[in-house]
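Listing of entry_18.pdb, PDB, C-alpha atoms, pLDDT in the B column
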```
MODEL        1
ATOM      1  CA  MET V 139     -59.192 -25.098 -21.570  1.00 68.00           C
ATOM      2  CA  THR V 140     -55.841 -25.354 -23.317  1.00 79.00           C
ATOM      3  CA  THR V 141     -52.785 -23.188 -22.829  1.00 87.00           C
ATOM      4  CA  ASN V 142     -49.674 -23.264 -24.985  1.00 92.00           C
ATOM      5  CA  ILE V 143     -46.326 -21.960 -23.737  1.00 94.00           C
ATOM      6  CA  TYR V 144     -44.066 -21.252 -26.696  1.00 94.00           C
ATOM      7  CA  TYR V 145     -41.149 -19.806 -24.763  1.00 93.00           C
ATOM      8  CA  CYS V 146     -40.255 -18.994 -21.176  1.00 95.00           C
ATOM      9  CA  GLY V 147     -36.853 -17.678 -20.170  1.00 94.00           C
ATOM     10  CA  TYR V 148     -34.582 -15.053 -18.696  1.00 94.00           C
ATOM     11  CA  SER V 149     -32.463 -12.625 -20.725  1.00 93.00           C
ATOM     12  CA  TYR V 150     -29.526 -10.531 -19.588  1.00 92.00           C
ATOM     13  CA  HIS V 151     -28.212  -7.986 -22.079  1.00 91.00           C
ATOM     14  CA  THR V 152     -24.861  -6.243 -21.618  1.00 90.00           C
ATOM     15  CA  THR V 153     -24.595  -4.974 -25.210  1.00 89.00           C
ATOM     16  CA  GLY V 154     -27.039  -3.266 -27.528  1.00 89.00           C
ATOM     17  CA  TYR V 155     -30.119  -5.235 -28.578  1.00 91.00           C
ATOM     18  CA  HIS V 156     -33.136  -4.473 -30.747  1.00 91.00           C
ATOM     19  CA  SER V 157     -36.208  -6.475 -31.783  1.00 91.00           C
ATOM     20  CA  GLN V 158     -39.428  -5.326 -33.370  1.00 88.00           C
ATOM     21  CA  HIS V 159     -42.870  -6.599 -34.332  1.00 85.00           C
ATOM     22  CA  LYS V 160     -44.372  -3.655 -36.197  1.00 75.00           C
ATOM     23  CA  SER V 161     -47.029  -5.807 -37.807  1.00 82.00           C
ATOM     24  CA  GLY V 162     -48.175  -7.063 -34.414  1.00 88.00           C
ATOM     25  CA  TYR V 163     -46.844  -9.491 -31.833  1.00 92.00           C
ATOM     26  CA  PRO V 164     -48.053 -13.003 -32.728  1.00 93.00           C
ATOM     27  CA  SER V 165     -48.967 -14.209 -29.197  1.00 95.00           C
ATOM     28  CA  TYR V 166     -49.309 -13.003 -25.619  1.00 96.00           C
ATOM     29  CA  LEU V 167     -46.067 -11.702 -24.125  1.00 96.00           C
ATOM     30  CA  PHE V 168     -45.359 -11.191 -20.417  1.00 97.00           C
ATOM     31  CA  ARG V 169     -42.084  -9.406 -19.685  1.00 97.00           C
ATOM     32  CA  LEU V 170     -40.838  -8.411 -16.218  1.00 97.00           C
ATOM     33  CA  GLN V 171     -37.795  -6.153 -15.881  1.00 96.00           C
ATOM     34  CA  THR V 172     -35.632  -7.330 -12.976  1.00 95.00           C
ATOM     35  CA  GLU V 173     -32.382  -5.449 -13.611  1.00 94.00           C
ATOM     36  CA  GLY V 174     -31.208  -2.318 -15.412  1.00 94.00           C
ATOM     37  CA  LEU V 175     -33.372  -0.546 -17.963  1.00 93.00           C
ATOM     38  CA  CYS V 176     -34.453  -0.551 -21.594  1.00 95.00           C
ATOM     39  CA  GLU V 177     -36.979   1.098 -23.906  1.00 95.00           C
ATOM     40  CA  VAL V 178     -40.070  -0.391 -25.496  1.00 94.00           C
ATOM     41  CA  VAL V 179     -42.489   0.892 -28.070  1.00 92.00           C
ATOM     42  CA  VAL V 180     -46.037  -0.402 -27.574  1.00 91.00           C
ATOM     43  CA  LYS V 181     -48.820   0.677 -29.943  1.00 87.00           C
ATOM     44  CA  GLY V 182     -46.608   3.537 -31.112  1.00 86.00           C
ATOM     45  CA  ARG V 183     -45.849   4.819 -27.590  1.00 90.00           C
ATOM     46  CA  LYS V 184     -42.224   4.851 -26.386  1.00 93.00           C
ATOM     47  CA  ILE V 185     -41.802   3.857 -22.730  1.00 93.00           C
ATOM     48  CA  GLU V 186     -38.690   3.599 -20.559  1.00 95.00           C
ATOM     49  CA  ILE V 187     -38.757   0.301 -18.650  1.00 95.00           C
ATOM     50  CA  ARG V 188     -37.068   0.056 -15.258  1.00 94.00           C
ATOM     51  CA  LYS V 189     -36.692  -2.570 -12.550  1.00 93.00           C
ATOM     52  CA  GLY V 190     -40.116  -3.791 -11.434  1.00 93.00           C
ATOM     53  CA  ASP V 191     -41.938  -2.831 -14.637  1.00 95.00           C
ATOM     54  CA  LEU V 192     -44.258  -5.525 -16.014  1.00 96.00           C
ATOM     55  CA  LEU V 193     -45.081  -5.426 -19.703  1.00 96.00           C
ATOM     56  CA  LEU V 194     -48.231  -7.215 -20.939  1.00 96.00           C
ATOM     57  CA  ILE V 195     -48.665  -7.552 -24.713  1.00 94.00           C
ATOM     58  CA  LYS V 196     -51.606  -9.164 -26.496  1.00 95.00           C
ATOM     59  CA  PRO V 197     -51.613 -10.666 -30.003  1.00 95.00           C
ATOM     60  CA  GLY V 198     -51.573  -7.979 -32.667  1.00 93.00           C
ATOM     61  CA  ASP V 199     -49.966  -5.253 -30.528  1.00 92.00           C
ATOM     62  CA  HIS V 200     -47.149  -3.277 -32.173  1.00 91.00           C
ATOM     63  CA  TYR V 201     -44.079  -3.984 -30.035  1.00 93.00           C
ATOM     64  CA  GLU V 202     -40.394  -3.025 -30.146  1.00 93.00           C
ATOM     65  CA  LEU V 203     -37.627  -3.577 -27.601  1.00 94.00           C
ATOM     66  CA  LEU V 204     -34.407  -1.555 -27.476  1.00 94.00           C
ATOM     67  CA  VAL V 205     -31.430  -1.982 -25.153  1.00 93.00           C
ATOM     68  CA  LYS V 206     -28.935   0.783 -25.884  1.00 92.00           C
ATOM     69  CA  GLU V 207     -25.185   0.275 -26.048  1.00 90.00           C
ATOM     70  CA  GLY V 208     -23.683   0.616 -22.576  1.00 88.00           C
ATOM     71  CA  GLN V 209     -26.935  -0.306 -20.829  1.00 90.00           C
ATOM     72  CA  ILE V 210     -27.590  -3.444 -18.793  1.00 93.00           C
ATOM     73  CA  SER V 211     -31.009  -5.075 -18.952  1.00 95.00           C
ATOM     74  CA  GLY V 212     -32.310  -8.248 -17.308  1.00 95.00           C
ATOM     75  CA  ASP V 213     -35.830  -9.639 -17.672  1.00 96.00           C
ATOM     76  CA  TYR V 214     -38.066 -12.677 -17.333  1.00 96.00           C
ATOM     77  CA  HIS V 215     -40.319 -13.240 -20.328  1.00 96.00           C
ATOM     78  CA  LEU V 216     -42.955 -15.705 -21.438  1.00 96.00           C
ATOM     79  CA  VAL V 217     -44.784 -16.170 -24.747  1.00 96.00           C
ATOM     80  CA  CYS V 218     -48.062 -18.071 -24.731  1.00 96.00           C
ATOM     81  CA  GLU V 219     -51.590 -18.411 -26.081  1.00 95.00           C
ATOM     82  CA  GLY V 220     -54.696 -20.512 -25.589  1.00 94.00           C
ATOM     83  CA  ALA V 221     -58.384 -20.402 -24.744  1.00 94.00           C
ATOM     84  CA  TRP V 222     -57.808 -19.983 -21.000  1.00 95.00           C
ATOM     85  CA  ILE V 223     -55.400 -17.080 -21.586  1.00 96.00           C
ATOM     86  CA  ASP V 224     -57.950 -15.412 -23.901  1.00 96.00           C
ATOM     87  CA  GLN V 225     -60.593 -15.672 -21.197  1.00 95.00           C
ATOM     88  CA  TRP V 226     -58.244 -14.453 -18.455  1.00 96.00           C
ATOM     89  CA  TRP V 227     -57.112 -11.476 -20.531  1.00 96.00           C
ATOM     90  CA  SER V 228     -60.621 -10.364 -21.463  1.00 94.00           C
ATOM     91  CA  ARG V 229     -62.088 -10.368 -17.962  1.00 92.00           C
ATOM     92  CA  SER V 230     -60.217  -7.267 -16.792  1.00 89.00           C
ATOM     93  CA  THR V 231     -58.219  -4.368 -18.216  1.00 88.00           C
ATOM     94  CA  LYS V 232     -54.536  -5.201 -18.612  1.00 91.00           C
ATOM     95  CA  PRO V 233     -52.305  -2.080 -18.643  1.00 91.00           C
ATOM     96  CA  ASP V 234     -49.427  -2.179 -21.123  1.00 93.00           C
ATOM     97  CA  VAL V 235     -46.943  -1.394 -18.332  1.00 93.00           C
ATOM     98  CA  SER V 236     -47.353  -1.668 -14.558  1.00 92.00           C
ATOM     99  CA  ARG V 237     -44.843  -1.212 -11.750  1.00 89.00           C
ATOM    100  CA  ILE V 238     -45.078  -4.233  -9.456  1.00 89.00           C
ATOM    101  CA  GLU V 239     -43.127  -5.574  -6.508  1.00 85.00           C
ATOM    102  CA  LEU V 240     -40.488  -8.156  -7.436  1.00 87.00           C
ATOM    103  CA  ASP V 241     -42.004 -10.812  -5.225  1.00 85.00           C
ATOM    104  CA  GLU V 242     -39.861 -13.927  -4.861  1.00 88.00           C
ATOM    105  CA  LYS V 243     -42.893 -16.230  -4.945  1.00 89.00           C
ATOM    106  CA  LEU V 244     -43.908 -14.810  -8.309  1.00 92.00           C
ATOM    107  CA  LEU V 245     -40.381 -15.179  -9.699  1.00 93.00           C
ATOM    108  CA  THR V 246     -40.261 -18.756  -8.406  1.00 94.00           C
ATOM    109  CA  LEU V 247     -43.385 -19.578 -10.416  1.00 95.00           C
ATOM    110  CA  TRP V 248     -41.706 -18.138 -13.492  1.00 95.00           C
ATOM    111  CA  ARG V 249     -38.601 -20.271 -12.842  1.00 95.00           C
ATOM    112  CA  TYR V 250     -40.667 -23.434 -12.401  1.00 94.00           C
ATOM    113  CA  ILE V 251     -42.172 -22.907 -15.841  1.00 95.00           C
ATOM    114  CA  MET V 252     -38.700 -22.303 -17.296  1.00 94.00           C
ATOM    115  CA  ILE V 253     -37.433 -25.553 -15.782  1.00 93.00           C
ATOM    116  CA  GLU V 254     -40.397 -27.532 -17.087  1.00 92.00           C
ATOM    117  CA  LYS V 255     -39.982 -26.138 -20.612  1.00 90.00           C
ATOM    118  CA  ARG V 256     -36.259 -26.986 -20.605  1.00 89.00           C
ATOM    119  CA  ARG V 257     -36.982 -30.680 -20.270  1.00 88.00           C
ATOM    120  CA  PRO V 258     -36.819 -32.872 -23.377  1.00 89.00           C
ATOM    121  CA  GLU V 259     -40.171 -32.660 -25.143  1.00 83.00           C
ATOM    122  CA  SER V 260     -40.935 -36.291 -24.320  1.00 84.00           C
ATOM    123  CA  SER V 261     -40.475 -35.582 -20.598  1.00 86.00           C
ATOM    124  CA  GLN V 262     -42.462 -32.340 -20.392  1.00 84.00           C
ATOM    125  CA  ASN V 263     -45.691 -32.388 -18.411  1.00 90.00           C
ATOM    126  CA  GLU V 264     -47.989 -30.053 -20.343  1.00 89.00           C
ATOM    127  CA  GLU V 265     -50.705 -30.258 -17.708  1.00 91.00           C
ATOM    128  CA  LEU V 266     -48.304 -29.156 -14.974  1.00 93.00           C
ATOM    129  CA  ALA V 267     -46.921 -26.354 -17.153  1.00 92.00           C
ATOM    130  CA  GLY V 268     -50.463 -25.207 -17.898  1.00 93.00           C
ATOM    131  CA  TYR V 269     -51.402 -24.977 -14.231  1.00 94.00           C
ATOM    132  CA  LEU V 270     -48.155 -23.177 -13.413  1.00 95.00           C
ATOM    133  CA  LEU V 271     -48.959 -20.677 -16.166  1.00 96.00           C
ATOM    134  CA  ARG V 272     -52.431 -20.111 -14.754  1.00 96.00           C
ATOM    135  CA  ALA V 273     -50.935 -19.534 -11.302  1.00 96.00           C
ATOM    136  CA  LEU V 274     -48.473 -17.048 -12.820  1.00 96.00           C
ATOM    137  CA  CYS V 275     -51.242 -15.185 -14.661  1.00 96.00           C
ATOM    138  CA  LEU V 276     -53.357 -14.899 -11.529  1.00 95.00           C
ATOM    139  CA  SER V 277     -50.332 -13.765  -9.496  1.00 94.00           C
ATOM    140  CA  LEU V 278     -49.470 -11.132 -12.098  1.00 94.00           C
ATOM    141  CA  GLU V 279     -53.103  -9.985 -12.129  1.00 92.00           C
ATOM    142  CA  ARG V 280     -53.045  -9.513  -8.354  1.00 89.00           C
ATOM    143  CA  ALA V 281     -49.712  -7.683  -8.534  1.00 88.00           C
ATOM    144  CA  VAL V 282     -51.101  -5.307 -11.185  1.00 88.00           C
ATOM    145  CA  GLU V 283     -54.263  -4.680  -9.171  1.00 83.00           C
ATOM    146  CA  GLU V 284     -52.129  -3.752  -6.192  1.00 77.00           C
ATOM    147  CA  THR V 285     -50.464  -0.960  -8.188  1.00 71.00           C
ATOM    148  CA  VAL V 286     -53.800   0.868  -7.802  1.00 63.00           C
ATOM    149  CA  PRO V 287     -54.833  -0.737  -4.498  1.00 61.00           C
ATOM    150  CA  SER V 288     -57.824  -0.182  -2.230  1.00 70.00           C
ATOM    151  CA  PHE V 289     -55.294   0.538   0.517  1.00 78.00           C
ATOM    152  CA  PRO V 290     -52.176   2.741   0.577  1.00 84.00           C
ATOM    153  CA  TYR V 291     -49.174   0.809  -0.718  1.00 83.00           C
ATOM    154  CA  PRO V 292     -47.454   0.549   2.722  1.00 90.00           C
ATOM    155  CA  VAL V 293     -50.680  -0.960   4.123  1.00 91.00           C
ATOM    156  CA  THR V 294     -50.772  -3.522   1.317  1.00 87.00           C
ATOM    157  CA  ARG V 295     -47.163  -4.462   2.142  1.00 89.00           C
ATOM    158  CA  MET V 296     -48.086  -4.842   5.812  1.00 94.00           C
ATOM    159  CA  MET V 297     -51.100  -7.014   4.954  1.00 92.00           C
ATOM    160  CA  ARG V 298     -49.007  -9.292   2.727  1.00 89.00           C
ATOM    161  CA  TYR V 299     -46.357  -9.609   5.464  1.00 92.00           C
ATOM    162  CA  ILE V 300     -48.949 -10.495   8.097  1.00 94.00           C
ATOM    163  CA  GLU V 301     -50.631 -13.014   5.777  1.00 92.00           C
ATOM    164  CA  GLU V 302     -47.272 -14.725   5.243  1.00 90.00           C
ATOM    165  CA  HIS V 303     -46.213 -14.713   8.899  1.00 92.00           C
ATOM    166  CA  ALA V 304     -49.544 -14.923  10.766  1.00 93.00           C
ATOM    167  CA  THR V 305     -48.935 -18.440  12.047  1.00 91.00           C
ATOM    168  CA  THR V 306     -45.597 -17.445  13.597  1.00 90.00           C
ATOM    169  CA  ALA V 307     -44.853 -15.158  16.520  1.00 86.00           C
ATOM    170  CA  PHE V 308     -44.107 -12.024  14.499  1.00 91.00           C
ATOM    171  CA  LYS V 309     -43.792  -8.566  16.077  1.00 93.00           C
ATOM    172  CA  VAL V 310     -45.399  -5.276  15.080  1.00 95.00           C
ATOM    173  CA  GLU V 311     -41.971  -3.707  14.633  1.00 96.00           C
ATOM    174  CA  GLU V 312     -41.134  -6.353  12.004  1.00 96.00           C
ATOM    175  CA  VAL V 313     -44.269  -5.428  10.045  1.00 96.00           C
ATOM    176  CA  ALA V 314     -43.434  -1.726  10.327  1.00 96.00           C
ATOM    177  CA  ARG V 315     -39.867  -2.339   9.139  1.00 95.00           C
ATOM    178  CA  HIS V 316     -41.152  -4.296   6.130  1.00 93.00           C
ATOM    179  CA  ALA V 317     -43.329  -1.328   5.154  1.00 93.00           C
ATOM    180  CA  GLY V 318     -40.550   1.218   5.794  1.00 94.00           C
ATOM    181  CA  LEU V 319     -42.509   3.027   8.492  1.00 95.00           C
ATOM    182  CA  SER V 320     -42.118   3.829  12.178  1.00 96.00           C
ATOM    183  CA  ILE V 321     -44.057   1.607  14.586  1.00 95.00           C
ATOM    184  CA  SER V 322     -46.471   4.378  15.590  1.00 96.00           C
ATOM    185  CA  ARG V 323     -47.120   5.393  11.976  1.00 96.00           C
ATOM    186  CA  SER V 324     -47.651   1.812  10.816  1.00 96.00           C
ATOM    187  CA  VAL V 325     -50.044   1.029  13.686  1.00 96.00           C
ATOM    188  CA  HIS V 326     -52.106   4.170  13.015  1.00 96.00           C
ATOM    189  CA  LEU V 327     -52.172   3.754   9.224  1.00 95.00           C
ATOM    190  CA  PHE V 328     -53.097   0.071   9.362  1.00 95.00           C
ATOM    191  CA  LYS V 329     -55.992   0.593  11.789  1.00 95.00           C
ATOM    192  CA  LYS V 330     -57.262   3.612   9.849  1.00 94.00           C
ATOM    193  CA  SER V 331     -57.146   1.775   6.490  1.00 92.00           C
ATOM    194  CA  VAL V 332     -58.181  -1.772   7.423  1.00 91.00           C
ATOM    195  CA  GLY V 333     -60.476  -1.013  10.353  1.00 93.00           C
ATOM    196  CA  LYS V 334     -58.691  -3.421  12.692  1.00 93.00           C
ATOM    197  CA  THR V 335     -55.311  -3.758  14.358  1.00 95.00           C
ATOM    198  CA  MET V 336     -52.502  -5.840  12.889  1.00 95.00           C
ATOM    199  CA  MET V 337     -52.992  -8.478  15.561  1.00 94.00           C
ATOM    200  CA  GLU V 338     -56.749  -8.611  14.942  1.00 94.00           C
ATOM    201  CA  TYR V 339     -56.024  -9.128  11.257  1.00 94.00           C
ATOM    202  CA  ALA V 340     -53.496 -11.858  12.089  1.00 95.00           C
ATOM    203  CA  GLN V 341     -56.021 -13.477  14.432  1.00 94.00           C
ATOM    204  CA  GLU V 342     -58.547 -13.805  11.597  1.00 94.00           C
ATOM    205  CA  ILE V 343     -55.940 -15.542   9.444  1.00 94.00           C
ATOM    206  CA  ARG V 344     -54.953 -17.859  12.319  1.00 95.00           C
ATOM    207  CA  LEU V 345     -58.577 -18.799  12.948  1.00 94.00           C
ATOM    208  CA  ALA V 346     -59.145 -19.534   9.251  1.00 93.00           C
ATOM    209  CA  ALA V 347     -56.022 -21.727   9.220  1.00 93.00           C
ATOM    210  CA  ALA V 348     -57.203 -23.531  12.358  1.00 94.00           C
ATOM    211  CA  VAL V 349     -60.654 -24.218  10.933  1.00 93.00           C
ATOM    212  CA  GLU V 350     -59.051 -25.641   7.798  1.00 91.00           C
ATOM    213  CA  ARG V 351     -56.927 -28.041   9.841  1.00 92.00           C
ATOM    214  CA  MET V 352     -59.862 -29.019  12.033  1.00 92.00           C
ATOM    215  CA  LYS V 353     -61.897 -29.943   8.953  1.00 88.00           C
ATOM    216  CA  TYR V 354     -59.288 -31.670   6.832  1.00 86.00           C
ATOM    217  CA  THR V 355     -56.619 -33.127   9.160  1.00 90.00           C
ATOM    218  CA  THR V 356     -56.444 -35.452  12.138  1.00 91.00           C
ATOM    219  CA  MET V 357     -54.158 -33.103  14.080  1.00 93.00           C
ATOM    220  CA  THR V 358     -55.051 -32.714  17.741  1.00 94.00           C
ATOM    221  CA  LEU V 359     -56.540 -29.412  18.838  1.00 95.00           C
ATOM    222  CA  GLU V 360     -53.394 -28.779  20.891  1.00 95.00           C
ATOM    223  CA  GLN V 361     -51.239 -29.289  17.779  1.00 95.00           C
ATOM    224  CA  ILE V 362     -53.504 -27.004  15.752  1.00 95.00           C
ATOM    225  CA  ALA V 363     -53.279 -24.279  18.394  1.00 95.00           C
ATOM    226  CA  VAL V 364     -49.473 -24.282  18.222  1.00 94.00           C
ATOM    227  CA  ASP V 365     -49.272 -24.797  14.456  1.00 94.00           C
ATOM    228  CA  CYS V 366     -51.563 -21.830  13.740  1.00 94.00           C
ATOM    229  CA  GLY V 367     -49.748 -19.380  15.979  1.00 93.00           C
ATOM    230  CA  PHE V 368     -51.944 -19.310  19.105  1.00 94.00           C
ATOM    231  CA  GLY V 369     -49.167 -20.644  21.334  1.00 91.00           C
ATOM    232  CA  SER V 370     -51.357 -22.703  23.636  1.00 93.00           C
ATOM    233  CA  TYR V 371     -54.678 -24.524  23.522  1.00 95.00           C
ATOM    234  CA  PRO V 372     -56.342 -22.500  26.357  1.00 95.00           C
ATOM    235  CA  TYR V 373     -55.736 -19.260  24.446  1.00 95.00           C
ATOM    236  CA  PHE V 374     -56.911 -20.845  21.180  1.00 95.00           C
ATOM    237  CA  HIS V 375     -60.057 -22.091  22.973  1.00 96.00           C
ATOM    238  CA  LYS V 376     -60.796 -18.605  24.308  1.00 95.00           C
ATOM    239  CA  VAL V 377     -60.319 -16.847  20.943  1.00 95.00           C
ATOM    240  CA  PHE V 378     -62.221 -19.513  18.991  1.00 95.00           C
ATOM    241  CA  LYS V 379     -65.222 -19.536  21.312  1.00 94.00           C
ATOM    242  CA  LYS V 380     -65.428 -15.755  21.249  1.00 93.00           C
ATOM    243  CA  LYS V 381     -65.505 -15.831  17.435  1.00 91.00           C
ATOM    244  CA  TYR V 382     -67.779 -18.837  16.786  1.00 92.00           C
ATOM    245  CA  GLY V 383     -69.763 -19.163  20.012  1.00 94.00           C
ATOM    246  CA  ILE V 384     -68.718 -22.771  20.621  1.00 94.00           C
ATOM    247  CA  SER V 385     -65.514 -24.534  21.652  1.00 94.00           C
ATOM    248  CA  PRO V 386     -63.063 -25.902  19.059  1.00 94.00           C
ATOM    249  CA  GLY V 387     -63.920 -29.456  20.137  1.00 93.00           C
ATOM    250  CA  ALA V 388     -67.663 -28.906  19.673  1.00 93.00           C
ATOM    251  CA  TYR V 389     -67.055 -27.276  16.289  1.00 92.00           C
ATOM    252  CA  ARG V 390     -64.984 -30.217  15.095  1.00 90.00           C
ATOM    253  CA  SER V 391     -67.619 -32.678  16.263  1.00 88.00           C
ATOM    254  CA  LEU V 392     -70.331 -30.847  14.309  1.00 85.00           C
ATOM    255  CA  GLU V 393     -68.165 -30.876  11.179  1.00 75.00           C
ATOM    256  CA  ARG V 394     -67.800 -34.652  11.417  1.00 71.00           C
ATOM    257  CA  LEU V 395     -71.531 -35.375  11.654  1.00 58.00           C
TER
ENDMDL
END
```
Please render this file's structure as structure tokens.
Amino acid sequence: MTTNIYYCGYSYHTTGYHSQHKSGYPSYLFRLQTEGLCEVVVKGRKIEIRKGDLLLIKPGDHYELLVKEGQISGDYHLVCEGAWIDQWWSRSTKPDVSRIELDEKLLTLWRYIMIEKRRPESSQNEELAGYLLRALCLSLERAVEETVPSFPYPVTRMMRYIEEHATTAFKVEEVARHAGLSISRSVHLFKKSVGKTMMEYAQEIRLAAAVERMKYTTMTLEQIAVDCGFGSYPYFHKVFKKKYGISPGAYRSLERL
């Protein structure tokens, strides 16, 4: 399925600015406020946009943007269309405005697309740009879903931190600090919401990472144990056998049959 990126960039306004599309925006527009504030009018509704607000506009939506004199406003924005975008948009409700976390991985995706679109047209890789756009859309979709999450927001932050650091020797106090909670509060809230401790959750991620390496790499089991955060092979062996009922070596042998 095709995707077309018409524009991808970053704007920083230090003076007044106004644009409007009263007859309807011609394409899909993604706009993420990263600094300052501004006002938008979407479908006749005026909304103040602050840092962390994601604006999602579909073709035909009435849209106006206003940065008042004396205000500062910075944002990433992307204009696109295509069959894949149509399908992605229609499969779930997309709020006009959502407050999301300014995740560096998400912003990096946005920057990669910007860099690709800055190349001379003859040097642009449309296939790469298309896949980067899909990754951005899916990342934005997850970020929006987490504004009304299944878990309390601090728990979601703890889960994301653990997922990112599971294969390293992180500490519970680091997770608590990331969520802005005391250690005792974070431990209680995580167990109550997720049904397992932080370390049990990390262990599941480590085991999944180990299984992946056992299937698709030639790394030794000792290397896998260290690489996935178990520290030593004996401990990895103990945890793996408890989970799967067989040793890591036996599991790998069965996978290779």
Open item on the list: Within 9 Å of (-51.9, -15.4, -23.3) (file coordinates; only C-alpha atoms), which protein or nucleic acid residues are there? I'd like them as a PyMOL selection string.
Closed with: chain V and resi 141-143+165-168+195-197+217-227+275
Open item on the list: Expand the PyMOL selection byres ((chain V and resi 290) around 12) into the explicit residue set it covers here, and present it as a PyMOL selection string.
Closed with: chain V and resi 284-289+291-297+317+324+327-328+330-332
Open item on the list: as a list in words, please: the residues near Glu177 of chain V (cut-off 7 Å, all atoms listed in the file, same-chain neighbours under 6 positions excluded).
Closed with: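 Returned residues: Lys184, Ile185, Glu186, Ile187, Leu203, Leu204 and Val205 of chain V.
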Task: Counting all atoms listed in the file, the option among V:His303, V:Lys206, V:Arg390, V:Arg229 closest to Gln341 of chain V - done: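 Checking each candidate against Gln341 of chain V, we get V:His303 as the closest.
Residues matched by the PyMOL selection byres ((chain V and resi 371) around 12) in this structure: Ala348, Thr358, Leu359, Glu360, Gln361, Ile362, Ala363, Val364, Asp365, Cys366, Gly367, Phe368, Gly369, Ser370, Pro372, Tyr373, Phe374, His375, Lys376, Val377, Phe378, Lys379, Ser385, Pro386 and Gly387 of chain V.
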Open item on the list: Since I can't run it myself right now, could you work out what the PyMOL selection byres ((chain V and resi 255-266) around 10) selects here and report it as a VMD selection string?
Closed with: chain V and resid 140 to 147 249 to 254 267 to 272
- [ ] Find the residues with any atom within 10 Å of (-41.1, -4.9, -13.8); use all atoms listed in the file and the coordinates as given in the file, and write the answer as a PyMOL selection string.
- [x] chain V and resi 169-173+175+187-193+213-214+235-240
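Pairwise distance (atom CA of Lys334 of chain V, atom CA of Gly318 of chain V) equals 20.0 Å.
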Calculate, to one decimal in Å, the centre and edge lengths of the box along x, y and z of the file that holds all listed atoms of segment 372-382 of chain V with 4 Å of margin on each side, and present them as AutoDock Vina command-line options.
```
--center_x -61.8 --center_y -19.1 --center_z 21.6 --size_x 20.0 --size_y 14.7 --size_z 17.6
```
Task: Which of V:Met357, V:Val325, V:Leu245, V:Ala273 sits closest to Glu338 of chain V [using only C-alpha atoms] - done: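 Of all the options, V:Val325 lies closest to Glu338 of chain V.
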Could you rebuild segment 185-189 of chain V with all heavy atoms and give me the result as a PDB file, in the frame of the given file?
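Output file result_38.pdb is given in full below:
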```
ATOM      1  N   ILE V 185     -41.758   3.906 -24.188  1.00 93.00           N
ATOM      2  CA  ILE V 185     -41.802   3.857 -22.730  1.00 93.00           C
ATOM      3  C   ILE V 185     -40.453   3.378 -22.213  1.00 93.00           C
ATOM      4  O   ILE V 185     -39.907   2.385 -22.715  1.00 93.00           O
ATOM      5  CB  ILE V 185     -42.888   2.875 -22.234  1.00 93.00           C
ATOM      6  CG1 ILE V 185     -44.240   3.169 -22.892  1.00 93.00           C
ATOM      7  CG2 ILE V 185     -43.002   2.922 -20.709  1.00 93.00           C
ATOM      8  CD1 ILE V 185     -45.263   2.077 -22.686  1.00 93.00           C
ATOM      9  N   GLU V 186     -39.905   4.076 -21.213  1.00 95.00           N
ATOM     10  CA  GLU V 186     -38.690   3.599 -20.559  1.00 95.00           C
ATOM     11  C   GLU V 186     -39.079   2.565 -19.510  1.00 95.00           C
ATOM     12  O   GLU V 186     -39.963   2.800 -18.690  1.00 95.00           O
ATOM     13  CB  GLU V 186     -37.936   4.752 -19.904  1.00 95.00           C
ATOM     14  CG  GLU V 186     -36.598   4.310 -19.306  1.00 95.00           C
ATOM     15  CD  GLU V 186     -35.792   5.466 -18.759  1.00 95.00           C
ATOM     16  OE1 GLU V 186     -36.160   5.965 -17.666  1.00 95.00           O
ATOM     17  OE2 GLU V 186     -34.811   5.871 -19.406  1.00 95.00           O
ATOM     18  N   ILE V 187     -38.437   1.414 -19.550  1.00 95.00           N
ATOM     19  CA  ILE V 187     -38.757   0.301 -18.650  1.00 95.00           C
ATOM     20  C   ILE V 187     -37.643   0.158 -17.622  1.00 95.00           C
ATOM     21  O   ILE V 187     -36.466   0.023 -17.974  1.00 95.00           O
ATOM     22  CB  ILE V 187     -38.914  -1.012 -19.440  1.00 95.00           C
ATOM     23  CG1 ILE V 187     -40.010  -0.874 -20.496  1.00 95.00           C
ATOM     24  CG2 ILE V 187     -39.190  -2.172 -18.498  1.00 95.00           C
ATOM     25  CD1 ILE V 187     -41.396  -0.678 -19.928  1.00 95.00           C
ATOM     26  N   ARG V 188     -38.025   0.177 -16.346  1.00 94.00           N
ATOM     27  CA  ARG V 188     -37.068   0.056 -15.258  1.00 94.00           C
ATOM     28  C   ARG V 188     -37.393  -1.169 -14.395  1.00 94.00           C
ATOM     29  O   ARG V 188     -38.408  -1.830 -14.605  1.00 94.00           O
ATOM     30  CB  ARG V 188     -37.073   1.322 -14.389  1.00 94.00           C
ATOM     31  CG  ARG V 188     -36.591   2.561 -15.143  1.00 94.00           C
ATOM     32  CD  ARG V 188     -36.558   3.786 -14.256  1.00 94.00           C
ATOM     33  NE  ARG V 188     -35.938   4.917 -14.947  1.00 94.00           N
ATOM     34  CZ  ARG V 188     -34.646   5.142 -14.980  1.00 94.00           C
ATOM     35  NH1 ARG V 188     -33.815   4.329 -14.335  1.00 94.00           N
ATOM     36  NH2 ARG V 188     -34.161   6.183 -15.617  1.00 94.00           N
ATOM     37  N   LYS V 189     -36.531  -1.434 -13.450  1.00 93.00           N
ATOM     38  CA  LYS V 189     -36.692  -2.570 -12.550  1.00 93.00           C
ATOM     39  C   LYS V 189     -38.079  -2.562 -11.905  1.00 93.00           C
ATOM     40  O   LYS V 189     -38.495  -1.557 -11.325  1.00 93.00           O
ATOM     41  CB  LYS V 189     -35.607  -2.526 -11.471  1.00 93.00           C
ATOM     42  CG  LYS V 189     -35.635  -3.705 -10.506  1.00 93.00           C
ATOM     43  CD  LYS V 189     -34.476  -3.611  -9.533  1.00 93.00           C
ATOM     44  CE  LYS V 189     -34.489  -4.764  -8.533  1.00 93.00           C
ATOM     45  NZ  LYS V 189     -33.347  -4.698  -7.594  1.00 93.00           N
TER      46      LYS V 189
END
```
